[in-house]
Amino acid sequence: MSAALYDETMGFYAKGPKIGSPDGPFDTNARFQAFGYAIAQAINYAEKAIGFPLRILELGGGTGQLGNSIISCLENTHEYVVLDPSPGLRANQKQRGLHAIQNIDRLSPRPTFVFGNEVLDALPVHRVMGMGHKEVVELYVDLDENGEFCEQPSFLSTVELADRLKGERVQLGRGQVAEICLELKTFLQSIGKVVEPGYVIFVDYGDSASNLYSHRHRNGTLRSYYHQQQVYDPFFAVGQQDLTADVDYTAACFIAEEIGFEVEGPVPQGTWLRNLGIQAYKGSTGDRESDQEEIDVLTRPAGLGSAFDVLIFKTKGLPVGPGLQPAP
Ligand SMILES: C[S@@+](CC[C@H](N)C(=O)[O-])C[C@H]1O[C@@H](n2cnc3c(N)ncnc32)[C@H](O)[C@@H]1O
């Protein structure tokens, strides 16, 4: 998954796919200016709580559209940095005038507002399978006798996989497949080092470990999309299709707490956006109907409003995170 998405030349994201175009990944929240408006309100709130100036760190900036929307809606000018491992997407972000970087290690600890939309679900995962009697094997990628990719079960590559399941009191049934994202830990740790103080906010899809690893997901949640169609085969058109897996909120929150963050959420996206005051959004076109349509699409409980959740990690001592209390 790591190579298929992020190999420097052949990886799906490394090539800079046109998010939202017919042969690219699905459009995300990022395409709606109203979403950027709401994030800007969260940043204004953080500025009041932490002080001016703030550094804004956007994780996984995609096309750069969200960065542009947020900046255009901010009350004050802050340093805005986008972190993205994809050379192709960084090029797009730079073209839009954003300061895009590849490596977080270059950033020093500072008052920071961190935001990532659909980034955690794009981190590579390990796949494991229950064998009964609490035994678990890992499913490796191998080549079959025809030289085609296939899955090959074998011993776990690292005890961390078993430790994660044990820590979450998960016992996989015989033949039950599950994804485990170990990269969550290093990723959140690297963010923890540069946020002093600050809020770290993720919008993503996922669930608690007890739901994610229940019988409802006997085949795991790894999904592949080619030209915006789900193809049910992670080995099809490798490097040309998107791969994603649901985020384990339990693991993310546990790791965040270990690092020293206070954890808030998950809250449904719709509730969070309404609490931030998205209803006051007015687009540049002056077309109130289309503004309201954007707001509805993002907040509707039967749609994106409940498909995505918001996780907030804050450094100790800061007021409750933005968007957790209803707008006055
Ligand atoms: C599904 S796309 C979402 C892009 C954008 N946030 C949006 O909502 O349109 C996932 C993004 O996360 C980036 N990404 C993957 N791993 C990352 C990492 N370790 N640090 C920062 N960004 C990462 C990808 O390159 C890509 O830009």
# chains A, B, ... in the order shown; residues from 1 in each chain; ligands from 1
$ residues_near_ligand --ligand "ligand 1" --cutoff "7 Å" --atoms "only C-alpha atoms and all ligand atoms" --output "PyMOL selection string"
chain A and resi 13-14+19+27-30+59-63+83-86+89+116-119+122-123+187
$ select_by_dssp --residues "stretch 140-257 of chain A" --states "strand (DSSP E)" --output "ChimeraX atom specification"
/A:140-143,149-154,177-180,195-204,206-207,223-226,229-230,242-244,247-248
$ select_by_dssp --residues "stretch 82-296 of chain A" --states "alpha helix (DSSP H)" --output "PDB file with C-alpha atoms, in the first residue's frame"
ATOM      1  CA  PRO A  87       5.843  15.371  -5.098  1.00  0.00           C
ATOM      2  CA  GLY A  88       3.030  15.728  -7.636  1.00  0.00           C
ATOM      3  CA  LEU A  89       0.569  17.148  -5.128  1.00  0.00           C
ATOM      4  CA  ARG A  90       3.217  19.430  -3.608  1.00  0.00           C
ATOM      5  CA  ALA A  91       3.784  20.846  -7.094  1.00  0.00           C
ATOM      6  CA  ASN A  92       0.037  21.550  -7.378  1.00  0.00           C
ATOM      7  CA  GLN A  93       0.007  23.160  -3.930  1.00  0.00           C
ATOM      8  CA  LYS A  94       2.984  25.370  -4.820  1.00  0.00           C
ATOM      9  CA  GLN A  95       1.281  26.384  -8.060  1.00  0.00           C
ATOM     10  CA  VAL A 159       4.933  -7.856  17.485  1.00  0.00           C
ATOM     11  CA  GLU A 160       3.412  -4.353  17.410  1.00  0.00           C
ATOM     12  CA  LEU A 161       0.548  -5.770  15.325  1.00  0.00           C
ATOM     13  CA  ALA A 162      -0.388  -8.291  17.999  1.00  0.00           C
ATOM     14  CA  ASP A 163       0.167  -5.661  20.686  1.00  0.00           C
ATOM     15  CA  ARG A 164      -2.254  -3.258  19.003  1.00  0.00           C
ATOM     16  CA  LEU A 165      -5.013  -5.895  18.888  1.00  0.00           C
ATOM     17  CA  LYS A 166      -4.319  -6.997  22.443  1.00  0.00           C
ATOM     18  CA  GLY A 167      -4.292  -3.410  23.727  1.00  0.00           C
ATOM     19  CA  GLU A 183       2.216   4.470  10.895  1.00  0.00           C
ATOM     20  CA  LEU A 184      -0.371   6.306  13.002  1.00  0.00           C
ATOM     21  CA  LYS A 185       2.089   6.311  15.872  1.00  0.00           C
ATOM     22  CA  THR A 186       5.129   7.810  14.119  1.00  0.00           C
ATOM     23  CA  PHE A 187       2.877  10.235  12.280  1.00  0.00           C
ATOM     24  CA  LEU A 188       1.202  11.568  15.434  1.00  0.00           C
ATOM     25  CA  GLN A 189       4.511  11.624  17.299  1.00  0.00           C
ATOM     26  CA  SER A 190       6.093  13.772  14.589  1.00  0.00           C
ATOM     27  CA  ILE A 191       3.176  16.205  14.865  1.00  0.00           C
ATOM     28  CA  GLY A 192       3.390  16.231  18.663  1.00  0.00           C
ATOM     29  CA  ALA A 209     -11.796  -0.538  17.463  1.00  0.00           C
ATOM     30  CA  SER A 210     -14.716  -2.555  18.855  1.00  0.00           C
ATOM     31  CA  ASN A 211     -16.818  -1.711  15.783  1.00  0.00           C
ATOM     32  CA  LEU A 212     -14.015  -1.695  13.238  1.00  0.00           C
ATOM     33  CA  TYR A 249     -10.256   6.044  16.285  1.00  0.00           C
ATOM     34  CA  THR A 250      -9.432   4.069  19.431  1.00  0.00           C
ATOM     35  CA  ALA A 251      -5.797   3.693  18.348  1.00  0.00           C
ATOM     36  CA  ALA A 252      -5.486   7.313  17.209  1.00  0.00           C
ATOM     37  CA  CYS A 253      -6.886   8.632  20.508  1.00  0.00           C
ATOM     38  CA  PHE A 254      -4.803   6.252  22.622  1.00  0.00           C
ATOM     39  CA  ILE A 255      -1.585   7.252  20.832  1.00  0.00           C
ATOM     40  CA  ALA A 256      -2.481  10.949  21.087  1.00  0.00           C
ATOM     41  CA  GLU A 257      -2.936  10.575  24.850  1.00  0.00           C
ATOM     42  CA  GLU A 258       0.357   8.705  25.155  1.00  0.00           C
ATOM     43  CA  ILE A 259       2.060  11.624  23.436  1.00  0.00           C
ATOM     44  CA  GLN A 269     -18.750  16.454  10.856  1.00  0.00           C
ATOM     45  CA  GLY A 270     -22.214  18.027  10.487  1.00  0.00           C
ATOM     46  CA  THR A 271     -22.449  18.904  14.184  1.00  0.00           C
ATOM     47  CA  TRP A 272     -18.903  20.241  14.213  1.00  0.00           C
ATOM     48  CA  LEU A 273     -19.394  22.455  11.169  1.00  0.00           C
ATOM     49  CA  ARG A 274     -22.666  23.846  12.506  1.00  0.00           C
ATOM     50  CA  ASN A 275     -21.024  24.581  15.855  1.00  0.00           C
ATOM     51  CA  ARG A 288     -27.267  32.321  -1.708  1.00  0.00           C
ATOM     52  CA  GLU A 289     -28.879  29.164  -3.069  1.00  0.00           C
ATOM     53  CA  SER A 290     -25.566  27.569  -4.041  1.00  0.00           C
ATOM     54  CA  ASP A 291     -23.989  28.673  -0.727  1.00  0.00           C
ATOM     55  CA  GLN A 292     -26.801  26.927   1.139  1.00  0.00           C
ATOM     56  CA  GLU A 293     -26.437  23.859  -1.074  1.00  0.00           C
ATOM     57  CA  GLU A 294     -22.749  23.603  -0.074  1.00  0.00           C
ATOM     58  CA  ILE A 295     -23.655  23.929   3.597  1.00  0.00           C
ATOM     59  CA  ASP A 296     -26.350  21.264   3.276  1.00  0.00           C
TER      60      ASP A 296
END
$ residues_around --residues "A:Ser306" --least-positions-apart "3" --cutoff "10 Å" --atoms "only C-alpha atoms" --output "number ranges by chain"
A: 205, 267-271, 298-303, 309
$ residues_around --residues "A:Arg174" --least-positions-apart "2" --cutoff "8 Å" --atoms "only C-alpha atoms" --output "count of residues only"
6
$ atom_distance --atom1 "atom CA of A:Leu318" --atom2 "atom CA of A:Ile201"
13.9 Å
$ atom_distance --atom1 "atom CA of A:Asn76" --atom2 "atom CA of A:Thr112"
14.5 Å
$ residues_around --residues "A:Glu79" --least-positions-apart "5" --cutoff "10 Å" --atoms "only C-alpha atoms" --output "PyMOL selection string"
chain A and resi 53-57+71+99+112
$ write_last_selection --atoms "N, CA and C atoms" --output "compact mmCIF listing (two decimals), in the first residue's frame"
# COMPACT_ATOMS: atom_id res chain seq x y z
N PRO A 53 0.93 35.38 16.66
CA PRO A 53 0.50 34.65 15.46
C PRO A 53 0.52 33.15 15.70
N LEU A 54 -0.22 32.47 14.86
CA LEU A 54 -0.24 31.00 14.89
C LEU A 54 0.44 30.49 13.63
N ARG A 55 0.99 29.31 13.71
CA ARG A 55 1.39 28.63 12.47
C ARG A 55 0.26 27.66 12.14
N ILE A 56 -0.15 27.67 10.90
CA ILE A 56 -1.17 26.70 10.48
C ILE A 56 -0.46 25.62 9.68
N LEU A 57 -0.66 24.39 10.08
CA LEU A 57 -0.03 23.27 9.38
C LEU A 57 -1.12 22.38 8.82
N ILE A 71 -7.28 30.24 3.68
CA ILE A 71 -6.54 31.52 3.76
C ILE A 71 -7.46 32.68 3.36
N HIS A 99 2.93 27.21 0.66
CA HIS A 99 4.27 26.79 1.06
C HIS A 99 4.19 25.31 1.42
N THR A 112 0.74 26.19 17.18
CA THR A 112 0.36 25.67 15.86
C THR A 112 -1.07 25.15 15.86
$ closest_residue --among "A:Thr244, A:Gln171, A:Thr221, A:Thr315" --to "A:Arg110" --atoms "only C-alpha atoms"
A:Thr315
$ atom_distance --atom1 "atom CA of A:Val200" --atom2 "atom CA of A:Gly265"
11.8 Å
$ residues_around --residues "A:Ile50" --least-positions-apart "4" --cutoff "10 Å" --atoms "only C-alpha atoms" --output "list in words"
Asn44, Tyr45, Ala46, Leu54, Pro111, Thr112, Phe113, Glu196, Pro197, Gly198, Tyr199, Leu318 and Pro319 of chain A
$ write_last_selection --atoms "all heavy atoms" --output "compact mmCIF listing (two decimals), in the first residue's frame"
# COMPACT_ATOMS: atom_id res chain seq x y z
N ASN A 44 -9.70 31.00 13.83
CA ASN A 44 -9.95 32.24 14.59
C ASN A 44 -10.15 31.94 16.07
O ASN A 44 -9.65 32.65 16.94
CB ASN A 44 -11.20 32.96 14.05
CG ASN A 44 -10.99 33.47 12.63
OD1 ASN A 44 -9.86 33.63 12.17
ND2 ASN A 44 -12.09 33.71 11.92
N TYR A 45 -10.87 30.86 16.34
CA TYR A 45 -11.10 30.44 17.73
C TYR A 45 -9.76 30.07 18.39
O TYR A 45 -9.47 30.49 19.51
CB TYR A 45 -12.05 29.24 17.72
CG TYR A 45 -12.26 28.57 19.07
CD1 TYR A 45 -13.38 28.85 19.85
CD2 TYR A 45 -11.33 27.64 19.56
CE1 TYR A 45 -13.57 28.23 21.08
CE2 TYR A 45 -11.51 27.02 20.79
CZ TYR A 45 -12.63 27.31 21.54
OH TYR A 45 -12.81 26.69 22.76
N ALA A 46 -8.95 29.30 17.66
CA ALA A 46 -7.65 28.86 18.22
C ALA A 46 -6.75 30.07 18.48
O ALA A 46 -6.02 30.11 19.48
CB ALA A 46 -6.97 27.90 17.25
N LEU A 54 -0.22 32.47 14.86
CA LEU A 54 -0.24 31.00 14.89
C LEU A 54 0.44 30.49 13.63
O LEU A 54 0.39 31.16 12.60
CB LEU A 54 -1.67 30.51 14.82
CG LEU A 54 -2.52 30.42 16.07
CD1 LEU A 54 -3.88 29.86 15.68
CD2 LEU A 54 -1.86 29.51 17.09
N PRO A 111 3.53 27.63 18.56
CA PRO A 111 2.06 27.61 18.65
C PRO A 111 1.49 27.27 17.26
O PRO A 111 1.77 27.98 16.29
CB PRO A 111 1.71 29.04 19.06
CG PRO A 111 2.95 29.57 19.71
CD PRO A 111 4.10 28.92 19.00
N THR A 112 0.74 26.19 17.18
CA THR A 112 0.36 25.67 15.86
C THR A 112 -1.07 25.15 15.86
O THR A 112 -1.51 24.50 16.81
CB THR A 112 1.31 24.51 15.45
OG1 THR A 112 2.66 24.96 15.54
CG2 THR A 112 1.05 24.04 14.04
N PHE A 113 -1.75 25.39 14.75
CA PHE A 113 -3.07 24.80 14.50
C PHE A 113 -2.85 23.79 13.38
O PHE A 113 -2.45 24.16 12.27
CB PHE A 113 -4.05 25.89 14.06
CG PHE A 113 -5.41 25.37 13.70
CD1 PHE A 113 -6.43 25.36 14.65
CD2 PHE A 113 -5.69 24.91 12.42
CE1 PHE A 113 -7.71 24.88 14.32
CE2 PHE A 113 -6.96 24.43 12.09
CZ PHE A 113 -7.97 24.43 13.04
N GLU A 196 3.29 23.40 20.01
CA GLU A 196 3.64 23.82 21.37
C GLU A 196 3.21 25.25 21.64
O GLU A 196 3.99 26.16 21.37
CB GLU A 196 5.16 23.68 21.53
CG GLU A 196 5.61 23.42 22.95
CD GLU A 196 7.12 23.26 23.02
OE1 GLU A 196 7.62 22.18 22.70
OE2 GLU A 196 7.79 24.25 23.38
N PRO A 197 2.02 25.52 22.08
CA PRO A 197 0.89 24.63 22.27
C PRO A 197 0.06 24.59 20.99
O PRO A 197 0.42 25.25 20.02
CB PRO A 197 0.11 25.33 23.39
CG PRO A 197 0.33 26.79 23.11
CD PRO A 197 1.71 26.90 22.50
N GLY A 198 -1.05 23.86 21.02
CA GLY A 198 -1.90 23.90 19.84
C GLY A 198 -2.99 22.85 19.80
O GLY A 198 -3.12 22.03 20.70
N TYR A 199 -3.75 22.94 18.73
CA TYR A 199 -4.83 22.00 18.45
C TYR A 199 -4.45 21.19 17.21
O TYR A 199 -3.88 21.74 16.25
CB TYR A 199 -6.13 22.74 18.14
CG TYR A 199 -6.70 23.51 19.31
CD1 TYR A 199 -6.52 24.89 19.41
CD2 TYR A 199 -7.43 22.87 20.30
CE1 TYR A 199 -7.05 25.60 20.47
CE2 TYR A 199 -7.98 23.58 21.37
CZ TYR A 199 -7.78 24.94 21.44
OH TYR A 199 -8.31 25.64 22.49
N LEU A 318 -5.20 24.04 27.26
CA LEU A 318 -5.96 24.89 26.32
C LEU A 318 -7.46 24.71 26.56
O LEU A 318 -7.90 23.65 27.01
CB LEU A 318 -5.64 24.50 24.87
CG LEU A 318 -4.29 24.92 24.30
CD1 LEU A 318 -4.23 24.55 22.83
CD2 LEU A 318 -4.05 26.41 24.48
N PRO A 319 -8.25 25.74 26.23
CA PRO A 319 -9.70 25.60 26.34
C PRO A 319 -10.20 24.50 25.40
O PRO A 319 -9.49 24.09 24.49
CB PRO A 319 -10.25 26.95 25.88
CG PRO A 319 -9.09 27.87 25.80
CD PRO A 319 -7.84 27.08 25.75
$ residues_around --residues "A:Cys150" --least-positions-apart "5" --cutoff "10 Å" --atoms "only C-alpha atoms" --output "ChimeraX atom specification"
/A:139-145,234-235
$ closest_residue --among "A:Pro326, A:Gly239, A:Val194, A:Asp246" --to "A:Lys15" --atoms "only C-alpha atoms"
A:Gly239
$ closest_residue --among "A:Lys193, A:His126, A:His217, A:Lys48" --to "A:Arg106" --atoms "only C-alpha atoms"
A:Lys193
